[in-house]
Amino acid sequence: MGSGSTGDVAVPVAEARTGARPLPIVLGLALAFTVTVVDPLVLSLNLPQVTRALHVPPQVVGLMGGAATLVMASSVLAAGRLGDSVGLKRLLMLGLAAVTIVDLLSMLSPNYGFLLAMRFLDGLGMTALLGVPLALLKVSVPPEKRPMAIGVLMAVDVVLCGVIPAFTGWAVAAVGWRFLFLIAPLLCLASLWLIARYAPESPVQQSRRLDVVGVALLGVALLALVVALAAGQNGFLRPEAWVPLLISPVLVVLFVLHARRVPDPALDLALFHSAPFVVALASTLTLNFLIAGFGIVLGQFGSVVLALSPESIGLLYLPGTVLIAGAVVLAGRLVGTYTPWPVMVAGLLVMAASGLLMAGTAGPTMAVWLVVVAVWLCNLGSVVTSASVSETVLSQAPPGRSGTVASVQMAFAVTGSALGPTVYLLLLNSFFQSQWLADAKARGLSVTQAEQAVDAVRSGMAQTPGATVYDPNLLRQASGLDLGLDFSDGLRLTMLTVSVLPLVVALAAFLVMRRHERPAAQVR
């Protein structure tokens, strides 16, 4: 892995697996991993209720929704390295305890400042839950059972992520927004009991040092990129857009120079010499980019154009959940029996089909069942792709380095999740503008008249690195323009554009990975 590993002292992997019971371990890891998805998701879906109750300023709304995700993105590499140094099981249990305490405190938030601080702390705790589970799975489950175990982990995640948002929407309507912060502690406590009782300890690299400079460079580079894209919604010629956009690649270059000088960098550049590893990371970035971005625009399209309630939008994720769970278990079996790349290609193509379906059918009169199918295809493709990606990435990890390698995958995953909403909204705003300008011209309205109508709509928006919300009442009342149709057309163009990405990555996986084809059971 790198020149810094010669002095490491590691517990043999075979010893770590002695007496392990795979099923309760996988269930505990799945619950921990699910928290990193469900916790930010239920807050995002119910953010309007929280912002109204705590009087959150518009400029803080997006930061409130994305704070935990941004912290995870900037620190997940550090979590992987710490896990290899102090023990993956120990770090995961600390993270579960931290998230439990922070979310319980969040229930008692007296104001938005307190809750915002808790969201940053929550992201720090969830970093361990994001970067450790797959690494601990690798050292806890025999290689021949690992693809199937990954499939089971993803299946549990799919079922919970399908059921919990729908249930949470109804619960918040009945008992209030504070209930949101009880979900994660319940999952964490169940996971904590299973991990403490059944999971073995991992190999420990006692001589490893955390590359603080490398972690800081990569973390700040990501934050700068997200801030730049968010500010770019108002034009990239503004300093708040182009300055961080310039800083981000400079920091990446500085990290590469730094990584070549230090013996044990935060991200070992030698990993990128493996073509399957690079394609797997590109797939991870793509699937998380698509699922996060689609969730944001789906919420707006459902409420603004289709006039669906937040509870109804949450229910869109529920149909087909069991079928998706079964499909991802089958995907894990196929990866273990054959090779990861056909499963990866199939998953990416399914995600592209979801986007193309929305591109072809989105409109004010779109049937809800078509939206359900699009959501189902997007979720199905994402989990099938993720199962093959995880096996490909974990197969590259040498003994004692599972945490570091798995954290690289998670860093790309969180990067995609952070960039997805921003890029989707950037595209949607751009296409929406082109559509309402064309609409105004066709109706004989001046640009000034059209801008005044749209400005009324934009007064109900929160321009942040995480959310842009249109007021549906203002949208329908905008004088002289059919903004519902214009918005739908902008969404169709957005979905058509982003659907190119999974097609390109699927082609790369087909061309590159099959040249390195080996049965998954031989790649350990």
# chains A, B, ... in the order shown; residues from 1 in each chain; ligands from 1
>>> residues_around(residues="Ile150 of chain A", least_positions_apart="2", cutoff="12 Å", atoms="only C-alpha atoms", output="count of residues only")
51
>>> residues_around(residues="Ser106 of chain A", least_positions_apart="4", cutoff="9 Å", atoms="only C-alpha atoms", output="JSON, numbers by chain")
{"A": [101, 102, 110, 114, 115, 118, 119, 178, 181]}
>>> closest_residue(among="A:Ala216, A:Ala359, A:Ala117, A:Ile247", to="Ala228 of chain A", atoms="only C-alpha atoms")
A:Ile247
>>> select_by_dssp(residues="segment 219-457 of chain A", states="helix (DSSP H, G or I)", output="ChimeraX atom specification")
/A:219-234,239-261,269-273,275-304,310-315,321-337,340-361,368-394,402-442,447-457
